[in-house]
>>> print(open('final35.pdb').read())   # PDB, C-alpha atoms
ATOM      1  CA  MET A   1      20.197 -94.315  73.752
ATOM      2  CA  ARG A   2      21.856 -91.714  71.521
ATOM      3  CA  VAL A   3      19.412 -89.016  72.707
ATOM      4  CA  LEU A   4      20.338 -89.755  76.307
ATOM      5  CA  MET A   5      24.004 -89.526  75.427
ATOM      6  CA  VAL A   6      23.510 -86.106  73.823
ATOM      7  CA  VAL A   7      21.687 -84.878  76.928
ATOM      8  CA  ALA A   8      24.466 -86.283  79.086
ATOM      9  CA  ALA A   9      27.015 -84.517  76.923
ATOM     10  CA  LEU A  10      25.285 -81.165  77.474
ATOM     11  CA  VAL A  11      25.130 -81.687  81.207
ATOM     12  CA  LEU A  12      28.732 -82.805  81.436
ATOM     13  CA  GLY A  13      29.801 -79.901  79.292
ATOM     14  CA  SER A  14      28.148 -77.432  81.646
ATOM     15  CA  MET A  15      30.063 -79.063  84.512
ATOM     16  CA  GLY A  16      33.399 -78.592  82.786
ATOM     17  CA  ALA A  17      33.921 -82.218  81.764
ATOM     18  CA  THR A  18      36.275 -83.033  78.915
ATOM     19  CA  LYS A  19      35.009 -83.412  75.377
ATOM     20  CA  ALA A  20      36.040 -87.060  75.466
ATOM     21  CA  ASP A  21      33.829 -87.689  78.487
ATOM     22  CA  ALA A  22      30.934 -86.022  76.739
ATOM     23  CA  VAL A  23      30.794 -88.406  73.799
ATOM     24  CA  GLY A  24      30.142 -91.283  76.166
ATOM     25  CA  TYR A  25      32.629 -93.895  74.934
ATOM     26  CA  LEU A  26      34.902 -93.977  77.970
ATOM     27  CA  ASP A  27      34.932 -96.763  80.562
ATOM     28  CA  LEU A  28      32.591 -98.993  78.591
ATOM     29  CA  PRO A  29      32.300-102.601  79.789
ATOM     30  CA  LEU A  30      33.267-105.363  77.364
ATOM     31  CA  VAL A  31      29.789-106.838  77.250
ATOM     32  CA  ASN A  32      30.610-108.886  74.135
ATOM     33  CA  GLY A  33      34.292-109.439  74.803
ATOM     34  CA  ASN A  34      33.904-113.169  74.199
ATOM     35  CA  GLY A  35      32.398-112.642  70.734
ATOM     36  CA  GLU A  36      29.220-114.612  71.356
ATOM     37  CA  GLN A  37      26.842-111.939  70.089
ATOM     38  CA  ARG A  38      26.534-109.849  66.934
ATOM     39  CA  GLY A  39      28.908-106.940  66.403
ATOM     40  CA  GLY A  40      31.876-105.772  68.433
ATOM     41  CA  VAL A  41      32.773-105.587  72.092
ATOM     42  CA  HIS A  42      29.913-103.223  73.061
ATOM     43  CA  PRO A  43      26.634-102.578  71.195
ATOM     44  CA  ASP A  44      26.942 -98.773  71.494
ATOM     45  CA  LEU A  45      30.338 -98.580  69.836
ATOM     46  CA  PRO A  46      30.575 -97.510  66.183
ATOM     47  CA  THR A  47      31.783-100.024  63.632
ATOM     48  CA  ASP A  48      33.021 -97.614  60.960
ATOM     49  CA  ARG A  49      36.728 -96.948  61.015
ATOM     50  CA  ALA A  50      36.662 -93.195  60.342
ATOM     51  CA  THR A  51      34.427 -92.437  63.318
ATOM     52  CA  ILE A  52      36.538 -94.534  65.686
ATOM     53  CA  GLU A  53      39.770 -92.963  64.425
ATOM     54  CA  GLN A  54      38.386 -89.492  65.130
ATOM     55  CA  LEU A  55      37.347 -90.467  68.645
ATOM     56  CA  LEU A  56      40.684 -92.095  69.420
ATOM     57  CA  ALA A  57      42.577 -89.053  68.142
ATOM     58  CA  GLY A  58      40.564 -86.882  70.504
ATOM     59  CA  TYR A  59      41.239 -89.083  73.514
ATOM     60  CA  ARG A  60      44.960 -89.247  72.769
ATOM     61  CA  ALA A  61      45.177 -85.479  72.240
ATOM     62  CA  GLU A  62      43.586 -84.909  75.640
ATOM     63  CA  GLY A  63      46.049 -87.247  77.297
ATOM     64  CA  ILE A  64      43.382 -89.635  78.535
ATOM     65  CA  SER A  65      44.698 -92.978  79.770
ATOM     66  CA  PRO A  66      44.194 -95.800  77.251
ATOM     67  CA  VAL A  67      42.623 -97.829  80.057
ATOM     68  CA  ARG A  68      39.588 -95.550  79.862
ATOM     69  CA  PHE A  69      39.087 -96.062  76.112
ATOM     70  CA  LYS A  70      39.979 -99.757  76.186
ATOM     71  CA  ALA A  71      36.708-100.860  74.584
ATOM     72  CA  LEU A  72      36.949 -98.328  71.757
ATOM     73  CA  LEU A  73      40.607 -99.129  71.049
ATOM     74  CA  TRP A  74      39.924-102.847  70.937
ATOM     75  CA  GLN A  75      36.880-102.216  68.734
ATOM     76  CA  TYR A  76      39.069-100.233  66.356
ATOM     77  CA  TRP A  77      41.552-103.028  65.768
ATOM     78  CA  ILE A  78      38.775-105.591  65.439
ATOM     79  CA  VAL A  79      37.193-103.352  62.792
ATOM     80  CA  ARG A  80      40.515-103.077  60.965
ATOM     81  CA  ALA A  81      40.960-106.858  61.034
ATOM     82  CA  ALA A  82      37.380-107.381  59.837
ATOM     83  CA  GLU A  83      37.916-104.930  56.971
ATOM     84  CA  ASP A  84      41.073-106.777  55.943
ATOM     85  CA  ALA A  85      39.168-110.075  56.054
ATOM     86  CA  GLY A  86      36.229-108.709  54.069
ATOM     87  CA  VAL A  87      33.833-109.316  56.970
ATOM     88  CA  ASP A  88      31.061-106.972  58.128
ATOM     89  CA  LEU A  89      31.584-106.858  61.900
ATOM     90  CA  SER A  90      28.187-105.285  62.533
ATOM     91  CA  GLU A  91      26.485-108.337  60.989
ATOM     92  CA  TRP A  92      28.797-111.066  62.302
ATOM     93  CA  ASP A  93      26.561-113.089  64.624
ATOM     94  CA  PRO A  94      27.536-116.547  65.958
ATOM     95  CA  GLN A  95      23.913-117.041  67.020
ATOM     96  CA  ARG A  96      22.977-117.567  63.377
ATOM     97  CA  THR A  97      23.200-121.084  61.981
ATOM     98  CA  ALA A  98      26.492-122.425  60.711
ATOM     99  CA  ALA A  99      25.023-122.609  57.220
ATOM    100  CA  ALA A 100      24.115-118.915  57.383
ATOM    101  CA  ASN A 101      27.583-118.053  58.713
ATOM    102  CA  LYS A 102      29.520-120.254  56.304
ATOM    103  CA  ALA A 103      30.804-117.352  54.199
ATOM    104  CA  VAL A 104      32.107-115.571  57.308
ATOM    105  CA  ILE A 105      33.651-118.748  58.714
ATOM    106  CA  PHE A 106      35.564-119.333  55.507
ATOM    107  CA  ALA A 107      36.490-115.652  55.031
ATOM    108  CA  VAL A 108      38.189-115.544  58.440
ATOM    109  CA  TYR A 109      40.355-118.557  57.723
ATOM    110  CA  ASP A 110      41.119-117.341  54.201
ATOM    111  CA  PHE A 111      42.256-114.082  55.852
ATOM    112  CA  TYR A 112      44.644-116.043  58.070
ATOM    113  CA  ALA A 113      46.046-117.735  54.971
ATOM    114  CA  LYS A 114      46.497-114.379  53.244
ATOM    115  CA  LEU A 115      48.395-112.951  56.207
ATOM    116  CA  TYR A 116      50.716-115.924  56.337
ATOM    117  CA  LEU A 117      51.338-115.972  52.597
ATOM    118  CA  THR A 118      52.155-112.257  52.506
ATOM    119  CA  HIS A 119      54.266-112.345  55.686
ATOM    120  CA  PRO A 120      55.627-115.931  55.902
ATOM    121  CA  ASP A 121      58.767-115.000  57.814
ATOM    122  CA  THR A 122      56.904-112.948  60.424
ATOM    123  CA  LEU A 123      53.305-114.016  60.939
ATOM    124  CA  ARG A 124      53.950-117.738  61.366
ATOM    125  CA  TRP A 125      51.082-118.212  63.826
ATOM    126  CA  MET A 126      48.638-117.376  61.049
ATOM    127  CA  GLY A 127      49.863-120.345  59.029
ATOM    128  CA  PHE A 128      49.335-122.588  62.032
ATOM    129  CA  ALA A 129      45.842-121.183  62.627
ATOM    130  CA  ASN A 130      44.862-121.788  59.014
ATOM    131  CA  ILE A 131      46.230-125.341  58.890
ATOM    132  CA  GLY A 132      44.341-126.318  62.032
ATOM    133  CA  ALA A 133      41.120-124.639  60.907
ATOM    134  CA  PRO A 134      39.521-127.158  58.487
ATOM    135  CA  ALA A 135      38.642-129.649  61.237
ATOM    136  CA  PHE A 136      37.295-126.824  63.420
ATOM    137  CA  ALA A 137      35.154-125.425  60.592
ATOM    138  CA  ALA A 138      33.917-128.901  59.682
ATOM    139  CA  GLY A 139      32.828-129.343  63.302
ATOM    140  CA  MET A 140      30.795-126.129  63.149
ATOM    141  CA  LEU A 141      29.010-127.296  60.014
ATOM    142  CA  ASP A 142      28.486-130.895  61.137
ATOM    143  CA  LEU A 143      27.156-129.996  64.590
ATOM    144  CA  GLY A 144      25.044-127.237  63.092
ATOM    145  CA  SER A 145      23.285-129.708  60.827
ATOM    146  CA  VAL A 146      21.847-131.626  63.809
ATOM    147  CA  PRO A 147      19.118-129.653  65.651
ATOM    148  CA  GLU A 148      19.986-131.118  69.078
ATOM    149  CA  LEU A 149      23.621-130.139  68.660
ATOM    150  CA  ARG A 150      23.306-126.637  67.228
ATOM    151  CA  TRP A 151      24.185-125.012  70.557
ATOM    152  CA  PHE A 152      27.609-126.646  70.336
ATOM    153  CA  SER A 153      28.002-125.364  66.797
ATOM    154  CA  THR A 154      27.172-121.885  68.074
ATOM    155  CA  MET A 155      29.867-122.190  70.722
ATOM    156  CA  LEU A 156      32.460-123.220  68.152
ATOM    157  CA  MET A 157      31.494-120.236  65.994
ATOM    158  CA  SER A 158      31.737-118.012  69.075
ATOM    159  CA  MET A 159      35.231-119.368  69.726
ATOM    160  CA  GLN A 160      36.235-118.569  66.170
ATOM    161  CA  LYS A 161      35.017-115.000  66.555
ATOM    162  CA  HIS A 162      36.609-114.661  69.999
ATOM    163  CA  ILE A 163      39.991-115.764  68.633
ATOM    164  CA  PHE A 164      39.620-113.356  65.716
ATOM    165  CA  MET A 165      38.739-110.500  68.065
ATOM    166  CA  ASP A 166      41.818-111.225  70.156
ATOM    167  CA  LEU A 167      44.602-112.543  67.943
ATOM    168  CA  GLY A 168      43.199-111.171  64.697
ATOM    169  CA  ALA A 169      42.970-107.694  66.223
ATOM    170  CA  MET A 170      46.534-107.923  67.515
ATOM    171  CA  HIS A 171      47.777-108.871  64.072
ATOM    172  CA  ALA A 172      45.902-105.930  62.555
ATOM    173  CA  ALA A 173      47.461-103.594  65.118
ATOM    174  CA  TYR A 174      50.950-104.902  64.372
ATOM    175  CA  LEU A 175      50.506-104.675  60.601
ATOM    176  CA  HIS A 176      48.918-101.237  60.533
ATOM    177  CA  GLY A 177      50.531 -99.611  63.581
ATOM    178  CA  GLY A 178      53.664-101.563  64.373
ATOM    179  CA  ILE A 179      54.904-102.482  67.820
ATOM    180  CA  GLU A 180      53.740 -99.128  69.227
ATOM    181  CA  ALA A 181      50.124-100.023  68.429
ATOM    182  CA  VAL A 182      50.603-103.342  70.211
ATOM    183  CA  ARG A 183      52.031-101.537  73.216
ATOM    184  CA  GLU A 184      49.037 -99.238  73.323
ATOM    185  CA  MET A 185      46.825-102.329  73.491
ATOM    186  CA  ARG A 186      48.944-103.431  76.465
ATOM    187  CA  ASP A 187      48.627-100.026  78.108
ATOM    188  CA  ALA A 188      44.856-100.204  77.681
ATOM    189  CA  GLY A 189      44.750-103.617  79.359
ATOM    190  CA  ILE A 190      43.647-105.504  76.241
ATOM    191  CA  ILE A 191      46.724-107.748  76.252
ATOM    192  CA  ASP A 192      49.315-108.589  78.886
ATOM    193  CA  ALA A 193      53.055-107.953  79.104
ATOM    194  CA  ASP A 194      54.049-111.480  77.994
ATOM    195  CA  THR A 195      51.932-111.231  74.854
ATOM    196  CA  THR A 196      53.374-107.799  74.121
ATOM    197  CA  ALA A 197      56.904-109.119  74.514
ATOM    198  CA  ALA A 198      56.126-111.913  72.033
ATOM    199  CA  TRP A 199      55.349-109.265  69.421
ATOM    200  CA  GLU A 200      58.955-108.064  69.580
ATOM    201  CA  ASP A 201      59.730-111.165  67.480
ATOM    202  CA  PRO A 202      56.416-112.564  66.179
ATOM    203  CA  ALA A 203      58.186-115.124  63.972
ATOM    204  CA  GLN A 204      59.135-116.966  67.185
ATOM    205  CA  ALA A 205      55.773-116.503  68.896
ATOM    206  CA  VAL A 206      53.750-119.486  67.652
ATOM    207  CA  MET A 207      53.863-121.210  71.043
ATOM    208  CA  GLU A 208      53.094-118.011  72.974
ATOM    209  CA  PHE A 209      50.148-117.056  70.792
ATOM    210  CA  SER A 210      48.832-120.622  70.822
ATOM    211  CA  SER A 211      49.014-120.665  74.604
ATOM    212  CA  ARG A 212      47.079-117.418  74.791
ATOM    213  CA  GLU A 213      44.435-118.792  72.427
ATOM    214  CA  GLN A 214      43.942-122.060  74.292
ATOM    215  CA  ASN A 215      44.581-121.114  77.919
ATOM    216  CA  LEU A 216      43.026-117.669  78.012
ATOM    217  CA  VAL A 217      40.813-116.803  75.056
ATOM    218  CA  ILE A 218      38.644-119.892  74.588
ATOM    219  CA  ALA A 219      39.256-121.867  77.804
ATOM    220  CA  ASP A 220      35.998-120.787  79.457
ATOM    221  CA  GLN A 221      33.959-121.479  76.338
ATOM    222  CA  PHE A 222      35.335-125.008  76.108
ATOM    223  CA  ASN A 223      34.533-125.509  79.807
ATOM    224  CA  ARG A 224      30.949-124.419  79.224
ATOM    225  CA  MET A 225      30.605-126.813  76.311
ATOM    226  CA  ARG A 226      31.824-129.682  78.424
ATOM    227  CA  SER A 227      29.601-128.855  81.408
ATOM    228  CA  ARG A 228      26.364-128.535  79.426
ATOM    229  CA  LEU A 229      23.754-131.007  80.627
ATOM    230  CA  LEU A 230      21.335-131.517  77.723
ATOM    231  CA  PRO A 231      22.579-133.043  75.568
ATOM    232  CA  PRO A 232      25.529-134.040  77.768
ATOM    233  CA  GLY A 233      28.489-131.833  76.938
ATOM    234  CA  GLU A 234      30.914-134.416  78.303
ATOM    235  CA  ILE A 235      29.794-136.844  75.603
ATOM    236  CA  VAL A 236      29.687-134.300  72.786
ATOM    237  CA  THR A 237      33.122-132.854  73.552
ATOM    238  CA  TYR A 238      34.624-136.335  73.888
ATOM    239  CA  ALA A 239      33.086-137.204  70.525
ATOM    240  CA  ILE A 240      34.783-134.093  69.118
ATOM    241  CA  THR A 241      38.049-135.383  70.585
ATOM    242  CA  VAL A 242      37.560-138.760  68.904
ATOM    243  CA  ALA A 243      36.464-137.266  65.599
ATOM    244  CA  GLY A 244      38.890-134.400  65.421
ATOM    245  CA  PRO A 245      41.866-135.341  63.240
ATOM    246  CA  MET A 246      45.136-133.458  63.485
ATOM    247  CA  PRO A 247      45.667-131.576  60.222
ATOM    248  CA  VAL A 248      49.344-130.718  60.916
ATOM    249  CA  PRO A 249      51.597-133.157  59.020
ATOM    250  CA  GLY A 250      53.705-135.077  61.496
ATOM    251  CA  GLY A 251      51.295-134.397  64.326
ATOM    252  CA  ARG A 252      49.348-137.127  66.054
ATOM    253  CA  THR A 253      45.630-137.415  66.715
ATOM    254  CA  PRO A 254      44.463-137.271  70.348
ATOM    255  CA  ALA A 255      44.082-141.067  70.347
ATOM    256  CA  GLN A 256      47.577-141.534  68.964
ATOM    257  CA  TYR A 257      49.032-139.082  71.464
ATOM    258  CA  ARG A 258      47.404-140.595  74.561
ATOM    259  CA  PRO A 259      45.418-143.768  73.852
ATOM    260  CA  LEU A 260      42.870-145.128  76.303
ATOM    261  CA  PHE A 261      44.154-148.494  77.562
ATOM    262  CA  GLY A 262      46.345-148.678  74.481
ATOM    263  CA  GLY A 263      43.295-148.761  72.222
ATOM    264  CA  PRO A 264      41.925-146.585  69.421
ATOM    265  CA  LEU A 265      40.227-144.015  71.668
ATOM    266  CA  PRO A 266      41.822-140.985  73.365
ATOM    267  CA  ALA A 267      42.374-141.043  77.116
ATOM    268  CA  PHE A 268      41.428-137.379  77.515
ATOM    269  CA  ASN A 269      38.757-134.898  76.558
ATOM    270  CA  TYR A 270      39.888-132.071  74.267
ATOM    271  CA  ALA A 271      37.672-129.676  76.229
ATOM    272  CA  ASP A 272      39.904-130.184  79.284
ATOM    273  CA  ARG A 273      42.222-127.165  79.148
ATOM    274  CA  VAL A 274      45.200-128.837  80.852
ATOM    275  CA  ALA A 275      45.001-131.996  78.745
ATOM    276  CA  ARG A 276      44.388-129.998  75.556
ATOM    277  CA  TRP A 277      47.409-127.783  76.133
ATOM    278  CA  ASP A 278      49.584-130.763  76.998
ATOM    279  CA  PHE A 279      48.630-132.302  73.655
ATOM    280  CA  LEU A 280      49.041-129.119  71.636
ATOM    281  CA  SER A 281      52.234-127.854  73.269
ATOM    282  CA  ASN A 282      54.028-131.205  73.212
ATOM    283  CA  ASP A 283      52.860-132.562  69.875
ATOM    284  CA  THR A 284      50.872-130.273  67.565
ATOM    285  CA  VAL A 285      52.773-126.989  67.837
ATOM    286  CA  PRO A 286      56.195-128.708  67.627
ATOM    287  CA  ALA A 287      54.974-130.606  64.545
ATOM    288  CA  TYR A 288      54.083-127.299  62.921
ATOM    289  CA  GLU A 289      57.389-125.725  63.917
ATOM    290  CA  ARG A 290      59.192-128.602  62.189
ATOM    291  CA  LEU A 291      57.472-127.858  58.885
ATOM    292  CA  GLY A 292      59.447-125.888  56.360
ATOM    293  CA  SER A 293      57.953-122.816  54.731
ATOM    294  CA  GLU A 294      57.470-124.689  51.459
ATOM    295  CA  ALA A 295      55.312-127.325  53.167
ATOM    296  CA  VAL A 296      53.256-124.692  54.964
ATOM    297  CA  HIS A 297      52.745-122.770  51.727
ATOM    298  CA  ARG A 298      51.612-125.897  49.930
ATOM    299  CA  ILE A 299      48.912-126.585  52.521
ATOM    300  CA  VAL A 300      47.745-123.025  53.088
ATOM    301  CA  GLN A 301      47.460-122.300  49.367
ATOM    302  CA  ARG A 302      44.969-125.128  48.833
ATOM    303  CA  PRO A 303      41.345-123.876  48.670
ATOM    304  CA  PHE A 304      39.986-123.817  52.194
ATOM    305  CA  ALA A 305      36.635-125.246  51.104
ATOM    306  CA  ASP A 306      38.392-128.338  49.716
ATOM    307  CA  ARG A 307      40.231-128.911  52.969
ATOM    308  CA  VAL A 308      37.067-128.502  55.042
ATOM    309  CA  ALA A 309      35.274-131.036  52.837
ATOM    310  CA  GLU A 310      37.922-133.629  53.700
ATOM    311  CA  TYR A 311      37.093-133.294  57.386
ATOM    312  CA  ARG A 312      33.309-133.384  57.173
ATOM    313  CA  ALA A 313      31.768-136.330  59.034
ATOM    314  CA  THR A 314      30.178-137.726  55.876
ATOM    315  CA  THR A 315      33.589-137.861  54.173
ATOM    316  CA  ARG A 316      35.353-139.435  57.136
ATOM    317  CA  LEU A 317      32.654-141.888  58.244
ATOM    318  CA  ILE A 318      34.930-144.926  58.208
ATOM    319  CA  ASP A 319      37.684-143.122  60.122
ATOM    320  CA  LEU A 320      35.136-142.089  62.744
ATOM    321  CA  LEU A 321      34.357-145.735  63.522
ATOM    322  CA  PRO A 322      37.232-146.253  65.983
ATOM    323  CA  PHE A 323      37.542-150.005  65.734
ATOM    324  CA  THR A 324      37.624-150.013  61.932
ATOM    325  CA  GLY A 325      39.512-146.829  61.236
ATOM    326  CA  SER A 326      42.068-146.769  64.067
ATOM    327  CA  ASP A 327      44.895-148.031  61.881
ATOM    328  CA  VAL A 328      44.098-145.704  58.997
ATOM    329  CA  GLU A 329      46.395-142.727  58.578
ATOM    330  CA  SER A 330      44.545-139.683  59.934
ATOM    331  CA  GLN A 331      46.067-137.200  57.513
ATOM    332  CA  PRO A 332      44.121-136.404  54.364
ATOM    333  CA  SER A 333      46.127-136.336  51.172
ATOM    334  CA  LYS A 334      47.803-132.992  50.660
TER     335      LYS A 334
END
>>> encode(input="final35.pdb", output="structure tokens")
Amino acid sequence: MRVLMVVAALVLGSMGATKADAVGYLDLPLVNGNGEQRGGVHPDLPTDRATIEQLLAGYRAEGISPVRFKALLWQYWIVRAAEDAGVDLSEWDPQRTAAANKAVIFAVYDFYAKLYLTHPDTLRWMGFANIGAPAFAAGMLDLGSVPELRWFSTMLMSMQKHIFMDLGAMHAAYLHGGIEAVREMRDAGIIDADTTAAWEDPAQAVMEFSSREQNLVIADQFNRMRSRLLPPGEIVTYAITVAGPMPVPGGRTPAQYRPLFGGPLPAFNYADRVARWDFLSNDTVPAYERLGSEAVHRIVQRPFADRVAEYRATTRLIDLLPFTGSDVESQPSK
């Protein structure tokens, strides 16, 4: 591949093409834009920061539209976020088992905690993402431990990476480049105008960023989980709805929010985008917004591994039996 690119560079150079065209990183498709494979958004893109910075500087100096180096720009901010999280992007592969990816899974959510704790008045969405993460991570590990269900674990790990590549990259851009870096992401077509506007006051953007996460970033992946035939995704995703507690203090579980026939089971499937967003936007996000900074700090500062352990299926077996655990408070002790 690299030999072909060098040959192409020589040919393009003889035809008077720009230097940026010659290196072959313009107009690349986002073949891994959903984060389901190893590495970044395209397998040919570099993953070392210095190389990408040099390429971007060249494109900008030549006045090339950011739309044409969209993949490289997005890759750059994903690389910066991965560096900050202590994760090797080139080796991050959701197709590995959850047990093999456990260190990465935890490192990402520890990174979210670090961002919130160092910027509590600005990066409030990161606190929300970290508080909601233990149940999500526990689901990856629990599903990954059952051979028939490992595909669903892989999808949850892909969602985690997809969210990191989108919202994590945006946070890296804002921290390291300010609002101008966010606007360049908009100009490249990586994010939309509404998301960009939210970055003008990120402390007030928890609802906007949560909507982007649920309604745009991972909506298709949840749909695919639900539509899988063997084993039936409808059953597995409904089981996730039943099992998934709500880690935000003051927030309700799906069954508490909309009970089926007034009983202990939820009347919706969490994989349903409309129902999920109704639940999150009307109950979970407002519950988080009501929390004071001291309460958020207290939760986020607890070791992530301890919080995940509280949501593992083996720990919560009684709560997962709906007719025996329906009256038990869903919140673990904080």
>>> residues_near_point(input="final35.pdb", point="(33.8, -121.9, 64.6)", cutoff="9 Å", atoms="all atoms listed in the file", output="ChimeraX atom specification")
/A:94,98,105,133,136-141,153-161
>>> write_last_selection(input="final35.pdb", atoms="C-alpha atoms", output="PDB file, keeping the file's coordinate frame")
ATOM      1  CA  PRO A  94      27.536-116.547  65.958  1.00  0.00           C
ATOM      2  CA  ALA A  98      26.492-122.425  60.711  1.00  0.00           C
ATOM      3  CA  ILE A 105      33.651-118.748  58.714  1.00  0.00           C
ATOM      4  CA  ALA A 133      41.120-124.639  60.907  1.00  0.00           C
ATOM      5  CA  PHE A 136      37.295-126.824  63.420  1.00  0.00           C
ATOM      6  CA  ALA A 137      35.154-125.425  60.592  1.00  0.00           C
ATOM      7  CA  ALA A 138      33.917-128.901  59.682  1.00  0.00           C
ATOM      8  CA  GLY A 139      32.828-129.343  63.302  1.00  0.00           C
ATOM      9  CA  MET A 140      30.795-126.129  63.149  1.00  0.00           C
ATOM     10  CA  LEU A 141      29.010-127.296  60.014  1.00  0.00           C
ATOM     11  CA  SER A 153      28.002-125.364  66.797  1.00  0.00           C
ATOM     12  CA  THR A 154      27.172-121.885  68.074  1.00  0.00           C
ATOM     13  CA  MET A 155      29.867-122.190  70.722  1.00  0.00           C
ATOM     14  CA  LEU A 156      32.460-123.220  68.152  1.00  0.00           C
ATOM     15  CA  MET A 157      31.494-120.236  65.994  1.00  0.00           C
ATOM     16  CA  SER A 158      31.737-118.012  69.075  1.00  0.00           C
ATOM     17  CA  MET A 159      35.231-119.368  69.726  1.00  0.00           C
ATOM     18  CA  GLN A 160      36.235-118.569  66.170  1.00  0.00           C
ATOM     19  CA  LYS A 161      35.017-115.000  66.555  1.00  0.00           C
TER      20      LYS A 161
END
>>> closest_residue(input="final35.pdb", among="A:Ala57, A:Met165, A:Leu45, A:Leu30", to="Ala82 of chain A", atoms="all atoms listed in the file")
A:Met165
>>> closest_residue(input="final35.pdb", among="A:Leu28, A:Glu62, A:Arg80, A:Trp151", to="Arg49 of chain A", atoms="all atoms listed in the file")
A:Arg80
>>> resolve_selection(input="final35.pdb", expression="the PyMOL selection byres ((chain A and resi 184-198) around 10)", output="ChimeraX atom specification")
/A:65-71,73-74,77,166-167,169-170,173,177,179-183,199-209,211-212
>>> closest_residue(input="final35.pdb", among="A:Arg298, A:Lys114, A:Arg307, A:Arg258", to="Ala85 of chain A", atoms="only C-alpha atoms")
A:Lys114
>>> axis_aligned_box(input="final35.pdb", around="segment 169-172 of chain A", padding_each_side="4 Å", output="lines of an AutoDock Vina configuration file")
center_x = 45.4
center_y = -107.4
center_z = 65.0
size_x = 12.8
size_y = 10.9
size_z = 13.0
>>> residues_around(input="final35.pdb", residues="segment 232-236 of chain A", least_positions_apart="5", cutoff="12 Å", atoms="all atoms listed in the file", output="list in words")
Gly139, Leu143, Glu148, Leu149, Arg150, Trp151, Phe152, Ser153, Met155, Gln221, Phe222, Asn223, Arg224, Met225, Arg226, Ser227, Thr241, Val242, Ala243, Gly244, Phe268, Asn269, Tyr270, Ala271 and Asp272 of chain A
>>> closest_residue(input="final35.pdb", among="A:Glu36, A:Gly127, A:Thr51, A:Arg60", to="Gln95 of chain A", atoms="all atoms listed in the file")
A:Glu36
>>> closest_residue(input="final35.pdb", among="A:Leu175, A:Arg38, A:Gly251, A:Ala100", to="Pro286 of chain A", atoms="only C-alpha atoms")
A:Gly251
>>> atom_distance(input="final35.pdb", atom1="atom CA of Ile52 of chain A", atom2="atom CA of His119 of chain A")
27.0 Å
>>> closest_residue(input="final35.pdb", among="A:Ser210, A:Tyr25, A:Pro147, A:Pro249", to="Thr97 of chain A", atoms="only C-alpha atoms")
A:Pro147
>>> residues_around(input="final35.pdb", residues="Tyr257 of chain A", least_positions_apart="5", cutoff="8 Å", atoms="all atoms listed in the file", output="PDB file with C-alpha atoms, in the coordinates of the input")
ATOM      1  CA  ARG A 252      49.348-137.127  66.054  1.00  0.00           C
ATOM      2  CA  PRO A 266      41.822-140.985  73.365  1.00  0.00           C
ATOM      3  CA  PHE A 279      48.630-132.302  73.655  1.00  0.00           C
ATOM      4  CA  ASP A 283      52.860-132.562  69.875  1.00  0.00           C
TER       5      ASP A 283
END
>>> atom_distance(input="final35.pdb", atom1="atom CA of Leu56 of chain A", atom2="atom CA of Trp125 of chain A")
28.7 Å
>>> resolve_selection(input="final35.pdb", expression="the PyMOL selection byres ((chain A and resi 90) around 8)", output="ChimeraX atom specification")
/A:38-40,47,88-89,91-92
>>> residues_around(input="final35.pdb", residues="Asp84 of chain A", least_positions_apart="2", cutoff="10 Å", atoms="only C-alpha atoms", output="PDB file with C-alpha atoms, in the frame of the given file")
ATOM      1  CA  ILE A  78      38.775-105.591  65.439  1.00  0.00           C
ATOM      2  CA  VAL A  79      37.193-103.352  62.792  1.00  0.00           C
ATOM      3  CA  ARG A  80      40.515-103.077  60.965  1.00  0.00           C
ATOM      4  CA  ALA A  81      40.960-106.858  61.034  1.00  0.00           C
ATOM      5  CA  ALA A  82      37.380-107.381  59.837  1.00  0.00           C
ATOM      6  CA  GLY A  86      36.229-108.709  54.069  1.00  0.00           C
ATOM      7  CA  VAL A  87      33.833-109.316  56.970  1.00  0.00           C
ATOM      8  CA  VAL A 108      38.189-115.544  58.440  1.00  0.00           C
ATOM      9  CA  PHE A 111      42.256-114.082  55.852  1.00  0.00           C
ATOM     10  CA  LYS A 114      46.497-114.379  53.244  1.00  0.00           C
ATOM     11  CA  LEU A 115      48.395-112.951  56.207  1.00  0.00           C
ATOM     12  CA  ALA A 172      45.902-105.930  62.555  1.00  0.00           C
TER      13      ALA A 172
END
>>> atom_distance(input="final35.pdb", atom1="atom CA of His171 of chain A", atom2="atom CA of Leu72 of chain A")
17.0 Å
